Amino acid sequence: MFQALKNGDLVITNNKQKILKYLTANKILLNLRIMTLADFKNSYFGTYNEKAIYYLMKKYAYKYENAKLYLDNFLFLPDLKQELIANDLLVFEPLFKENIKRIVVMTPFVDKYILEEIEKYPHVFLLDSQGAYKPRVKAFEDMETEVENVAVDILELLKSISIDDISLVVEDSSYEPVIRKIFKLFNIPINIDTKKYIYGLKQVQVFIKKLRSTKSMEEALEVLEEDEVYNKVVAICNKYRFTEVDEVIIEALTEELKLAYLEKEKNPSAINLVSLKDIEENNYYFVLGFNQGTIPRIYKNEDFLSDSKKEKLHILTSLEKNNLERQEVINKITNNPHVFLYYKKSLDNQEILPSALIQELDLKVSEENNSHYHYSHLFNKLVLAQKLDAFIKFNEKDEDLALLYNNYHDMAYLTYDNSYKQINVAKFKQLYPNLVLSYTSLDNFYRCRFRYYLTNILKVDKFEETFMTLIGNIYHAILAKCFTNNFDFEAEYNLLIKDKDFSYKEQFFLEKLKNELKEVIDIIKKQNSYSSLTNNLYEQKVEIKLNNEVNFMGIIDKVVYEEENGQTYVAIIDYKTGNVSPNINNLVYGLDMQLPIYLFLTDYLKFNNPVVVGFYLQKVIGRPLAYQPGKSFKEEREKLYRLNGFSTDKEEALAKLDYDYADSKVIKGMKKSSKGFYAYTKVLNADNLEAIKKMVEDKITTAYEQIKQADFVINPKNIGGELVGCNYCPFKDICYKKEDDEVRLKEQDYHDFLGGEQENVD
Ligand code: SF4
C-alpha cells in the first residue's frame with residue numbers, strides 16, 4: 001500500500017509510526033508531510049488557542065468545558081466564527097493550502113465537508129479492504145475467565161514468539177484492573193497504567209492554592225521542585241501568560257491540570273495495550289471484549305450537533321460512522337492471520353451478547369476453557385480459596401477442588417494477618433521530610449501508632465463539619481474577640497453562621513447555645529474581676545524546633561499575663577465545649593498531655609522571666625442543672641464554668657489570678673485553710689512543673705524518633721483494663737485489632753511519678 005506514496009505528499013493518517021517504520025525498513029527517502037485528520041482540519045480551516053478560551057470564559061462567563069465545546073464547533077457556528085475572526089482569536093497556517101501538491105487519505109472517517117475540500121486537489125485514498133482470514137473466537141463465562149485464558153494463551157505463544165510481537169487489544173477500560181491482576185499473577189510483563197495524572201499530586205494542589213492566593217504564576221511555581229511535574233505545569237502556564245492572572249485564568253489552568261499527565265516509561269520487553277485501529281498485518285493480537293456494543297464501537301446521536309444538523313453541514317452522522325466503524329473492524333481482523341478474538345458471556349450476572357460480526361463473518365466459536373494450573377502457584381491458591389468458599393458456603397464441590405486442595409492443603413485459608421507491614425524507612429523520610437507534631441498527633445501516636453499512621457500520615461480520616469464542631473468553632477471565635485473594646489456580639493455571631501444551613505432542631509439548639517454563650521461571657525468577666533492579670537493573648541500559635549530537628553506546633557486558646565517587677569505571671573486556659581478532664585495521670589504514657597504541652601510551650605512565649613500561675617481547662621458549654629433546694633441557680637451555673645486544672649503552690653503568684661484563692665470562685669477545687677491547701681486542691685510546686693515540662697519534651701522527641709523509623713504497629717493502650725487507645729477511634733473497621741495487639745499498662749497517679757522515674761512504654 002505504501003508503495004503509492006510520492007515525494008511531497010500530504011498524508012492523512014492515524015498511524016504515522018506505521019509509515020515511518022515502512023520507510024525505514026525499506027530504506028526509502030521521501031519528503032512527506034504526515035498528519036492526523038484533526039491536524040489537517042486545524043491547518044486547513046484554522047483553529048483556536050487559549051486566548052479564545054479565555055475570551056469566551058471572560059465575556060460570557062462560560063465554564064471552561066463549555067467554552068471548549070463551542071470552540072470545537074466554531075466552523076459551524078457562523079456568529080461565533082465571525083466574532084473570533086473580528087477579535088483575532090483564530091490561528092491560521094499561512095501558505096498551507098498553497099503548498100499542497102497531493103493528498104493521500106489513509107483514514108476512512110473523513111467528514112464530507114473535508115472531503116469536498118480534499119477533492120479540490122490531486123488526491124488518492126489508501127484504505128484497508130476486507131481480507132480473507134477468519135479469526136479464531138473463544139467464548140468464556142465472565143471477564144476474569146476470559147482474561148485468564150488470554151494470559152494462558154499468551155504464555156503458550158511466548159514459548160515460540162518474542163514478547164515484542166504480541167499486543168493486547170482493549171477497547172473497554174473496565175478490563176484494565178482485571179488484566180493488571182491476572183497478568184501479575186501469571187508473571188507476564190505488561191505496559192499498563194502508563195499515564196500518571198498529575199492533578200492529584202500534593203505539589204500540584206499546593207501550586208493551585210498558592211496561585212489562588214497570590215495570583216502570580218512565578219510565586220506559585222516556586223512551591224514546585226524542578227522535576228518533570230514542574231516542567232508539565234510550566235508548559236501549561238506558558239499557554240496562559242498573555243494576560244494577568246485572574247479567576248478565569250485560574251479556572252482554565254486548573255481544568256488543564258486535571259487532564260495533564262506524565263507518560264511513564266514503557267518496558268520494552270512487555271506486552272502493550274493497543275486499540276483495534278492499531279492492528280497491523282504482522283504481529284500477534286489478542287482482542288479482549290469482542291462483545292456487542294464494544295466492538296465495533298457504537299456512535300449515538302448525542303453530540304453537540306445532532307445528526308439532522310450534521311447531514312446539512314456535511315458531517316458524518318452517527319449512522320454513517322457506525323457503518324465505517326463496522327467495516328474498519330472487519331478489515332482489521334481479516335487482514336492478519338494472528339488476530340485472536342475473545343468475549344465474555346456475562347457481566348455482573350447479566351447476559352452479554354457477542355459482537356454481531358461473529359455471525360456476520362461466520363466465525364467459529366470455541367468454548368474450551370484452558371487448564372490454568374501449570375503457570376502460577378499464587379493463582380492456583382486464589383482459585384482454591386474461591387472453590388473452598390463455594391464448597392463451605394453453598395456445598396458446591398468443584399471437580400478441581402480435590403486436586404488443588406491436595407497440592408495446597410497448607411494454604412492460609414480463612415486467616416487474616418492484620419499486622420502492620422514495615423514500610424521502607426528511606427522512602428518514608430523522603431516522602432515526609434518535614435513532619436510537624438502537635439498535641440493531637442502526639443495523642444494519636446501514644447494511643448496507638450497505627451491510629452497515628454492512618455490519621456496523620458495517610459490522612460484517611462476525612463474531616464466533616466458537624467453541628468457540634470461548628471458550635472465549637474463559633475464559641476472559640478467569639479471568646480477570642482469578645483473581651484476587646486467595641487465588640488459587637490450580634491454582628492460577629494451572625495457573620496459566623498452566615499451561609500450555614502440549619503435544621504429546625506439545630507436552630508432551636510443554636511438559639512439556646514447563643515444565650516448560654518452570652519452567659520459564659522458574663523461569667524468570665526466576673527472571674528476576671530478577681531484577677532490582676534490584665535493582658536490577654538488569644539489563639540496563640542507557638543511553633544518550635546527541638547534539637548534543631550523536631551518541629552512542634554501548638555495553638556493555645558488563651559494566655560493571661562501581667563509583668564511585675566521583672567517577672568511575668570502567666571496563666572494558660574483552654575476552652576472546652578465537650579467534656580473536661582484535666583487529669584495528667586497518663587502523662588507518663590504520653591496521654592492526657594494537652595495541658596502539660598501548653599505548660600511546656602509557655603517557655604517559648606517570649607515572656608520576661610515567666611512564672612506559671614496555673615494551666616487550666618475551662619468548660620464553656622455547661623450541662624443543664626437540676627433544682628437543688630437552698631442553692632442559688634446563678635451561683636451553681638457560675639461554678640460550672642470555673643477553671644479546672646493545676647495551680648502553682650506559690651500563693652503570691654496564685655493571688656495574681658485569683659485574689660480570693662483561699663476559697664476560690666474562679667478555680668475549681670481551690671481551697672486553703674490555716675493549715676495549708678486542702679488535700680484535693682490541685683497545686684504543683686516548681687519542681688513538679690519542671691518535671692512535667694521535661695516529660696513533655698521527652699515524649700515529643702521520643703515520638704519523633706519512632707515516627708522517623710516508620711514503625712506504626714497496632715498497639716492500642718489498655719490502662720487498668722480500659723482500652724483508652726481505641727476511644728473514639730474511627731478505624732475500628734480497618735485495623736482488625738486483636739487482643740494480643742493491646743499494650744496493657746497499669747494505672748498511674750501523677751503524685752507518684754512527678755519527680756520520680758518515668759516508665760517508657762513506646
Ligand atoms: S481501633 Fe484501636 S487498634 Fe485500631 S487503629 Fe484505632 S486505636 Fe489502633
# chains A, B, ... in the order shown; residues from 1 in each chain; ligands from 1
call {"tool": "residues_around", "arguments": {"residues": "region 276-284 of chain A", "least_positions_apart": "6", "cutoff": "7 Å", "atoms": "only C-alpha atoms", "output": "number ranges by chain"}}
result
A: 165-167, 169, 332, 335-336, 338-339
call {"tool": "residues_around", "arguments": {"residues": "region 412-418 of chain A", "least_positions_apart": "6", "cutoff": "10 Å", "atoms": "only C-alpha atoms", "output": "NGL selection string"}}
result
:A and (381-382 or 384-385 or 388-389 or 713-714 or 734-738 or 741)
call {"tool": "residues_near_ligand", "arguments": {"ligand": "ligand 1", "cutoff": "7 Å", "atoms": "only C-alpha atoms and all ligand atoms", "output": "count of residues only"}}
result
17
call {"tool": "atom_distance", "arguments": {"atom1": "CA of Asn380 (chain A)", "atom2": "CA of Leu403 (chain A)"}}
result
10.5 Å
call {"tool": "select_by_dssp", "arguments": {"residues": "region 537-732 of chain A", "states": "helix (DSSP H, G or I)", "output": "PyMOL selection string"}}
result
chain A and resi 585-589+594-602+633-640+651-657+686-708+724-726+732
call {"tool": "write_last_selection", "arguments": {"atoms": "C-alpha atoms", "output": "compact mmCIF listing (two decimals), in the first residue's frame"}}
result
# COMPACT_ATOMS: atom_id res chain seq x y z
CA ASN A 585 -2.13 10.68 85.41
CA ASN A 586 -1.39 9.20 81.99
CA LEU A 587 1.25 11.75 81.13
CA VAL A 588 3.80 9.06 81.78
CA TYR A 589 2.33 7.15 78.82
CA GLN A 594 -2.80 18.82 76.39
CA LEU A 595 -2.33 20.96 79.50
CA PRO A 596 1.25 19.76 80.10
CA ILE A 597 2.08 20.68 76.49
CA TYR A 598 0.70 24.19 76.99
CA LEU A 599 2.77 24.49 80.15
CA PHE A 600 5.83 23.38 78.18
CA LEU A 601 5.10 25.89 75.42
CA THR A 602 4.93 28.85 77.87
CA PHE A 633 -29.22 28.74 90.44
CA LYS A 634 -26.94 31.60 89.41
CA GLU A 635 -24.11 30.53 91.72
CA GLU A 636 -24.41 26.90 90.63
CA ARG A 637 -24.21 27.98 86.99
CA GLU A 638 -21.09 30.02 87.77
CA LYS A 639 -19.48 27.00 89.41
CA LEU A 640 -19.88 25.04 86.15
CA GLU A 651 0.49 31.83 96.87
CA GLU A 652 1.80 35.25 95.93
CA ALA A 653 1.67 34.23 92.26
CA LEU A 654 -1.68 32.48 92.61
CA ALA A 655 -3.19 35.62 94.09
CA LYS A 656 -2.50 37.39 90.78
CA LEU A 657 -5.05 35.15 89.08
CA ALA A 686 8.25 24.45 90.95
CA ASP A 687 9.98 21.04 90.73
CA ASN A 688 6.73 19.40 89.65
CA LEU A 689 6.28 21.98 86.92
CA GLU A 690 9.82 21.46 85.66
CA ALA A 691 9.36 17.67 85.75
CA ILE A 692 6.19 17.97 83.64
CA LYS A 693 7.97 20.12 81.07
CA LYS A 694 10.84 17.66 80.91
CA MET A 695 8.45 14.74 80.43
CA VAL A 696 6.64 16.58 77.63
CA GLU A 697 9.90 17.29 75.85
CA ASP A 698 10.95 13.65 76.17
CA LYS A 699 7.61 12.45 74.85
CA ILE A 700 7.82 14.76 71.82
CA THR A 701 11.36 13.75 70.89
CA THR A 702 10.75 10.04 71.55
CA ALA A 703 7.65 10.06 69.36
CA TYR A 704 9.55 11.88 66.62
CA GLU A 705 12.39 9.32 66.67
CA GLN A 706 9.95 6.45 66.47
CA ILE A 707 7.85 8.04 63.74
CA LYS A 708 11.02 8.54 61.69
CA VAL A 724 -8.18 4.10 76.15
CA GLY A 725 -6.13 3.76 72.96
CA CYS A 726 -9.23 2.94 70.91
CA LYS A 732 -12.07 0.00 64.21
call {"tool": "closest_residue", "arguments": {"among": "A:Leu224, A:Leu401, A:Met411, A:Ile249", "to": "Glu50 (chain A)", "atoms": "only C-alpha atoms"}}
result
A:Ile249
call {"tool": "closest_residue", "arguments": {"among": "A:Gln527, A:Asn42, A:Gln205, A:Ser174", "to": "Leu257 (chain A)", "atoms": "only C-alpha atoms"}}
result
A:Gln205
call {"tool": "residues_around", "arguments": {"residues": "Lys397 (chain A)", "least_positions_apart": "5", "cutoff": "8 Å", "atoms": "only C-alpha atoms", "output": "VMD selection string"}}
result
chain A and resid 387 390 to 391
call {"tool": "select_by_dssp", "arguments": {"residues": "region 29-133 of chain A", "states": "strand (DSSP E)", "output": "PyMOL selection string"}}
result
chain A and resi 33-35+47-48+90-91+102-105+123-125
call {"tool": "closest_residue", "arguments": {"among": "A:Asn99, A:Leu347, A:Ile28, A:Ile190", "to": "Gly8 (chain A)", "atoms": "only C-alpha atoms"}}
result
A:Asn99
call {"tool": "closest_residue", "arguments": {"among": "A:Phe489, A:Phe76, A:Phe109, A:Tyr197", "to": "Thr13 (chain A)", "atoms": "only C-alpha atoms"}}
result
A:Phe109
call {"tool": "closest_residue", "arguments": {"among": "A:Glu464, A:Glu119, A:Asp246, A:Asp649", "to": "Met57 (chain A)", "atoms": "only C-alpha atoms"}}
result
A:Asp246
call {"tool": "closest_residue", "arguments": {"among": "A:Lys526, A:Ile179, A:Ile236, A:Glu256", "to": "Tyr199 (chain A)", "atoms": "only C-alpha atoms"}}
result
A:Glu256
call {"tool": "residues_around", "arguments": {"residues": "region 208-216 of chain A", "least_positions_apart": "6", "cutoff": "10 Å", "atoms": "only C-alpha atoms", "output": "PyMOL selection string"}}
result
chain A and resi 199+202+222-223+244-247+249-251+253-254+257
call {"tool": "write_last_selection", "arguments": {"atoms": "N, CA and C atoms", "output": "PDB file, in the first residue's frame"}}
result
ATOM      1  N   TYR A 199      -2.834  15.882  38.536  1.00  0.00           N
ATOM      2  CA  TYR A 199      -3.702  16.800  39.285  1.00  0.00           C
ATOM      3  C   TYR A 199      -3.801  16.438  40.769  1.00  0.00           C
ATOM      4  N   LYS A 202       0.224  16.166  45.523  1.00  0.00           N
ATOM      5  CA  LYS A 202       0.178  17.203  46.557  1.00  0.00           C
ATOM      6  C   LYS A 202       0.800  18.505  46.060  1.00  0.00           C
ATOM      7  N   GLU A 222       7.138  28.639  42.425  1.00  0.00           N
ATOM      8  CA  GLU A 222       8.240  28.468  43.382  1.00  0.00           C
ATOM      9  C   GLU A 222       7.986  27.325  44.367  1.00  0.00           C
ATOM     10  N   VAL A 223       6.723  26.951  44.568  1.00  0.00           N
ATOM     11  CA  VAL A 223       6.447  25.868  45.528  1.00  0.00           C
ATOM     12  C   VAL A 223       6.778  24.495  44.935  1.00  0.00           C
ATOM     13  N   GLU A 244      -2.839  39.103  32.790  1.00  0.00           N
ATOM     14  CA  GLU A 244      -2.664  38.969  34.244  1.00  0.00           C
ATOM     15  C   GLU A 244      -3.461  37.775  34.766  1.00  0.00           C
ATOM     16  N   VAL A 245      -2.980  37.168  35.821  1.00  0.00           N
ATOM     17  CA  VAL A 245      -3.717  36.035  36.390  1.00  0.00           C
ATOM     18  C   VAL A 245      -4.983  36.538  37.082  1.00  0.00           C
ATOM     19  N   ASP A 246      -6.120  36.007  36.667  1.00  0.00           N
ATOM     20  CA  ASP A 246      -7.379  36.332  37.349  1.00  0.00           C
ATOM     21  C   ASP A 246      -8.142  35.022  37.573  1.00  0.00           C
ATOM     22  N   GLU A 247      -9.378  35.125  38.048  1.00  0.00           N
ATOM     23  CA  GLU A 247     -10.130  33.902  38.368  1.00  0.00           C
ATOM     24  C   GLU A 247     -10.328  33.013  37.133  1.00  0.00           C
ATOM     25  N   ILE A 249      -8.352  32.736  34.443  1.00  0.00           N
ATOM     26  CA  ILE A 249      -7.081  32.048  34.137  1.00  0.00           C
ATOM     27  C   ILE A 249      -6.899  30.877  35.114  1.00  0.00           C
ATOM     28  N   ILE A 250      -7.209  31.130  36.388  1.00  0.00           N
ATOM     29  CA  ILE A 250      -7.024  30.063  37.387  1.00  0.00           C
ATOM     30  C   ILE A 250      -7.937  28.878  37.067  1.00  0.00           C
ATOM     31  N   GLU A 251      -9.195  29.182  36.662  1.00  0.00           N
ATOM     32  CA  GLU A 251     -10.103  28.069  36.337  1.00  0.00           C
ATOM     33  C   GLU A 251      -9.600  27.282  35.120  1.00  0.00           C
ATOM     34  N   LEU A 253      -6.531  27.072  33.946  1.00  0.00           N
ATOM     35  CA  LEU A 253      -5.319  26.326  34.297  1.00  0.00           C
ATOM     36  C   LEU A 253      -5.668  25.072  35.108  1.00  0.00           C
ATOM     37  N   THR A 254      -6.600  25.237  36.045  1.00  0.00           N
ATOM     38  CA  THR A 254      -6.990  24.097  36.883  1.00  0.00           C
ATOM     39  C   THR A 254      -7.588  22.991  36.014  1.00  0.00           C
ATOM     40  N   LEU A 257      -4.903  21.267  34.156  1.00  0.00           N
ATOM     41  CA  LEU A 257      -4.101  20.411  35.040  1.00  0.00           C
ATOM     42  C   LEU A 257      -4.819  19.102  35.349  1.00  0.00           C
TER      43      LEU A 257
END
call {"tool": "decode", "arguments": {"residues": "region 645-691 of chain A", "atoms": "N, CA and C atoms", "output": "PDB file, in the first residue's frame"}}
result
ATOM      1  N   GLY A 645      -7.972  22.807  86.602  1.00  0.00           N
ATOM      2  CA  GLY A 645      -6.626  22.393  86.220  1.00  0.00           C
ATOM      3  C   GLY A 645      -5.667  22.494  87.379  1.00  0.00           C
ATOM      4  N   PHE A 646      -4.428  22.850  87.097  1.00  0.00           N
ATOM      5  CA  PHE A 646      -3.369  22.841  88.104  1.00  0.00           C
ATOM      6  C   PHE A 646      -2.854  24.263  88.356  1.00  0.00           C
ATOM      7  N   SER A 647      -2.603  24.527  89.633  1.00  0.00           N
ATOM      8  CA  SER A 647      -2.137  25.863  90.020  1.00  0.00           C
ATOM      9  C   SER A 647      -0.787  25.743  90.716  1.00  0.00           C
ATOM     10  N   THR A 648      -0.078  26.857  90.713  1.00  0.00           N
ATOM     11  CA  THR A 648       1.181  26.889  91.438  1.00  0.00           C
ATOM     12  C   THR A 648       0.913  26.890  92.956  1.00  0.00           C
ATOM     13  N   ASP A 649       1.871  26.374  93.684  1.00  0.00           N
ATOM     14  CA  ASP A 649       1.698  26.446  95.145  1.00  0.00           C
ATOM     15  C   ASP A 649       2.258  27.761  95.698  1.00  0.00           C
ATOM     16  N   LYS A 650       2.792  28.602  94.776  1.00  0.00           N
ATOM     17  CA  LYS A 650       3.291  29.898  95.244  1.00  0.00           C
ATOM     18  C   LYS A 650       2.097  30.832  95.401  1.00  0.00           C
ATOM     19  N   GLU A 651       1.743  31.106  96.627  1.00  0.00           N
ATOM     20  CA  GLU A 651       0.491  31.829  96.871  1.00  0.00           C
ATOM     21  C   GLU A 651       0.515  33.257  96.343  1.00  0.00           C
ATOM     22  N   GLU A 652       1.691  33.857  96.415  1.00  0.00           N
ATOM     23  CA  GLU A 652       1.803  35.245  95.932  1.00  0.00           C
ATOM     24  C   GLU A 652       1.463  35.308  94.428  1.00  0.00           C
ATOM     25  N   ALA A 653       1.941  34.273  93.699  1.00  0.00           N
ATOM     26  CA  ALA A 653       1.674  34.230  92.256  1.00  0.00           C
ATOM     27  C   ALA A 653       0.207  33.875  92.006  1.00  0.00           C
ATOM     28  N   LEU A 654      -0.297  32.922  92.776  1.00  0.00           N
ATOM     29  CA  LEU A 654      -1.684  32.475  92.606  1.00  0.00           C
ATOM     30  C   LEU A 654      -2.668  33.623  92.833  1.00  0.00           C
ATOM     31  N   ALA A 655      -2.316  34.492  93.784  1.00  0.00           N
ATOM     32  CA  ALA A 655      -3.194  35.623  94.094  1.00  0.00           C
ATOM     33  C   ALA A 655      -3.333  36.582  92.910  1.00  0.00           C
ATOM     34  N   LYS A 656      -2.384  36.520  91.970  1.00  0.00           N
ATOM     35  CA  LYS A 656      -2.495  37.390  90.782  1.00  0.00           C
ATOM     36  C   LYS A 656      -3.685  36.963  89.913  1.00  0.00           C
ATOM     37  N   LEU A 657      -3.936  35.655  89.901  1.00  0.00           N
ATOM     38  CA  LEU A 657      -5.048  35.154  89.078  1.00  0.00           C
ATOM     39  C   LEU A 657      -6.357  35.219  89.853  1.00  0.00           C
ATOM     40  N   ASP A 658      -6.287  34.986  91.161  1.00  0.00           N
ATOM     41  CA  ASP A 658      -7.496  34.988  91.975  1.00  0.00           C
ATOM     42  C   ASP A 658      -7.139  35.436  93.391  1.00  0.00           C
ATOM     43  N   TYR A 659      -7.466  36.704  93.686  1.00  0.00           N
ATOM     44  CA  TYR A 659      -7.066  37.210  95.000  1.00  0.00           C
ATOM     45  C   TYR A 659      -7.801  36.488  96.118  1.00  0.00           C
ATOM     46  N   ASP A 660      -8.930  35.832  95.767  1.00  0.00           N
ATOM     47  CA  ASP A 660      -9.723  35.126  96.764  1.00  0.00           C
ATOM     48  C   ASP A 660      -9.480  33.618  96.688  1.00  0.00           C
ATOM     49  N   TYR A 661      -8.230  33.228  96.328  1.00  0.00           N
ATOM     50  CA  TYR A 661      -7.962  31.815  96.052  1.00  0.00           C
ATOM     51  C   TYR A 661      -8.192  30.909  97.268  1.00  0.00           C
ATOM     52  N   ALA A 662      -8.185  31.469  98.472  1.00  0.00           N
ATOM     53  CA  ALA A 662      -8.349  30.626  99.667  1.00  0.00           C
ATOM     54  C   ALA A 662      -9.723  29.942  99.668  1.00  0.00           C
ATOM     55  N   ASP A 663     -10.679  30.558  99.015  1.00  0.00           N
ATOM     56  CA  ASP A 663     -11.996  29.911  98.846  1.00  0.00           C
ATOM     57  C   ASP A 663     -12.495  30.350  97.463  1.00  0.00           C
ATOM     58  N   SER A 664     -11.839  29.775  96.476  1.00  0.00           N
ATOM     59  CA  SER A 664     -11.945  30.349  95.123  1.00  0.00           C
ATOM     60  C   SER A 664     -13.310  30.154  94.467  1.00  0.00           C
ATOM     61  N   LYS A 665     -13.751  31.228  93.798  1.00  0.00           N
ATOM     62  CA  LYS A 665     -14.947  31.140  92.952  1.00  0.00           C
ATOM     63  C   LYS A 665     -14.535  31.086  91.486  1.00  0.00           C
ATOM     64  N   VAL A 666     -13.232  31.079  91.262  1.00  0.00           N
ATOM     65  CA  VAL A 666     -12.709  31.093  89.890  1.00  0.00           C
ATOM     66  C   VAL A 666     -12.081  29.740  89.537  1.00  0.00           C
ATOM     67  N   ILE A 667     -11.359  29.159  90.484  1.00  0.00           N
ATOM     68  CA  ILE A 667     -10.633  27.905  90.210  1.00  0.00           C
ATOM     69  C   ILE A 667     -11.335  26.762  90.952  1.00  0.00           C
ATOM     70  N   LYS A 668     -11.691  25.742  90.184  1.00  0.00           N
ATOM     71  CA  LYS A 668     -12.416  24.615  90.770  1.00  0.00           C
ATOM     72  C   LYS A 668     -11.530  23.888  91.792  1.00  0.00           C
ATOM     73  N   GLY A 669     -12.083  23.606  92.977  1.00  0.00           N
ATOM     74  CA  GLY A 669     -11.377  22.818  93.984  1.00  0.00           C
ATOM     75  C   GLY A 669     -10.275  23.567  94.707  1.00  0.00           C
ATOM     76  N   MET A 670     -10.149  24.854  94.482  1.00  0.00           N
ATOM     77  CA  MET A 670      -9.076  25.619  95.134  1.00  0.00           C
ATOM     78  C   MET A 670      -9.570  26.101  96.503  1.00  0.00           C
ATOM     79  N   LYS A 671      -8.958  25.597  97.560  1.00  0.00           N
ATOM     80  CA  LYS A 671      -9.384  25.970  98.906  1.00  0.00           C
ATOM     81  C   LYS A 671      -8.195  25.825  99.843  1.00  0.00           C
ATOM     82  N   LYS A 672      -8.142  26.750 100.781  1.00  0.00           N
ATOM     83  CA  LYS A 672      -6.994  26.718 101.696  1.00  0.00           C
ATOM     84  C   LYS A 672      -7.472  27.093 103.104  1.00  0.00           C
ATOM     85  N   SER A 673      -6.910  26.398 104.062  1.00  0.00           N
ATOM     86  CA  SER A 673      -7.192  26.754 105.458  1.00  0.00           C
ATOM     87  C   SER A 673      -5.885  27.251 106.080  1.00  0.00           C
ATOM     88  N   SER A 674      -5.938  27.494 107.368  1.00  0.00           N
ATOM     89  CA  SER A 674      -4.712  27.963 108.042  1.00  0.00           C
ATOM     90  C   SER A 674      -3.621  26.898 107.996  1.00  0.00           C
ATOM     91  N   LYS A 675      -4.039  25.609 107.733  1.00  0.00           N
ATOM     92  CA  LYS A 675      -3.038  24.533 107.696  1.00  0.00           C
ATOM     93  C   LYS A 675      -2.448  24.337 106.298  1.00  0.00           C
ATOM     94  N   GLY A 676      -2.944  25.091 105.379  1.00  0.00           N
ATOM     95  CA  GLY A 676      -2.422  24.953 104.006  1.00  0.00           C
ATOM     96  C   GLY A 676      -3.537  24.583 103.043  1.00  0.00           C
ATOM     97  N   PHE A 677      -3.161  24.215 101.785  1.00  0.00           N
ATOM     98  CA  PHE A 677      -4.153  23.853 100.770  1.00  0.00           C
ATOM     99  C   PHE A 677      -4.864  22.565 101.161  1.00  0.00           C
ATOM    100  N   TYR A 678      -6.156  22.484 100.837  1.00  0.00           N
ATOM    101  CA  TYR A 678      -6.895  21.258 101.106  1.00  0.00           C
ATOM    102  C   TYR A 678      -6.273  20.113 100.283  1.00  0.00           C
ATOM    103  N   ALA A 679      -6.491  18.892 100.735  1.00  0.00           N
ATOM    104  CA  ALA A 679      -5.839  17.732 100.094  1.00  0.00           C
ATOM    105  C   ALA A 679      -6.239  17.575  98.629  1.00  0.00           C
ATOM    106  N   TYR A 680      -7.499  17.903  98.341  1.00  0.00           N
ATOM    107  CA  TYR A 680      -7.954  17.700  96.958  1.00  0.00           C
ATOM    108  C   TYR A 680      -7.559  18.843  96.020  1.00  0.00           C
ATOM    109  N   THR A 681      -7.002  19.881  96.532  1.00  0.00           N
ATOM    110  CA  THR A 681      -6.623  21.024  95.686  1.00  0.00           C
ATOM    111  C   THR A 681      -5.445  20.618  94.794  1.00  0.00           C
ATOM    112  N   LYS A 682      -5.557  20.990  93.510  1.00  0.00           N
ATOM    113  CA  LYS A 682      -4.501  20.571  92.575  1.00  0.00           C
ATOM    114  C   LYS A 682      -3.445  21.666  92.494  1.00  0.00           C
ATOM    115  N   VAL A 683      -2.439  21.542  93.363  1.00  0.00           N
ATOM    116  CA  VAL A 683      -1.334  22.508  93.314  1.00  0.00           C
ATOM    117  C   VAL A 683      -0.033  21.763  93.055  1.00  0.00           C
ATOM    118  N   LEU A 684       0.851  22.440  92.346  1.00  0.00           N
ATOM    119  CA  LEU A 684       2.139  21.839  91.992  1.00  0.00           C
ATOM    120  C   LEU A 684       3.251  22.795  92.390  1.00  0.00           C
ATOM    121  N   ASN A 685       4.364  22.212  92.835  1.00  0.00           N
ATOM    122  CA  ASN A 685       5.494  23.095  93.168  1.00  0.00           C
ATOM    123  C   ASN A 685       6.380  23.284  91.940  1.00  0.00           C
ATOM    124  N   ALA A 686       7.397  24.107  92.096  1.00  0.00           N
ATOM    125  CA  ALA A 686       8.253  24.451  90.951  1.00  0.00           C
ATOM    126  C   ALA A 686       8.920  23.199  90.375  1.00  0.00           C
ATOM    127  N   ASP A 687       9.340  22.264  91.231  1.00  0.00           N
ATOM    128  CA  ASP A 687       9.985  21.035  90.729  1.00  0.00           C
ATOM    129  C   ASP A 687       9.009  20.206  89.906  1.00  0.00           C
ATOM    130  N   ASN A 688       7.752  20.145  90.405  1.00  0.00           N
ATOM    131  CA  ASN A 688       6.729  19.395  89.654  1.00  0.00           C
ATOM    132  C   ASN A 688       6.561  19.981  88.249  1.00  0.00           C
ATOM    133  N   LEU A 689       6.497  21.325  88.212  1.00  0.00           N
ATOM    134  CA  LEU A 689       6.276  21.976  86.915  1.00  0.00           C
ATOM    135  C   LEU A 689       7.445  21.681  85.969  1.00  0.00           C
ATOM    136  N   GLU A 690       8.656  21.744  86.489  1.00  0.00           N
ATOM    137  CA  GLU A 690       9.825  21.456  85.657  1.00  0.00           C
ATOM    138  C   GLU A 690       9.804  19.996  85.197  1.00  0.00           C
ATOM    139  N   ALA A 691       9.402  19.105  86.106  1.00  0.00           N
ATOM    140  CA  ALA A 691       9.358  17.673  85.752  1.00  0.00           C
ATOM    141  C   ALA A 691       8.348  17.437  84.621  1.00  0.00           C
TER     142      ALA A 691
END
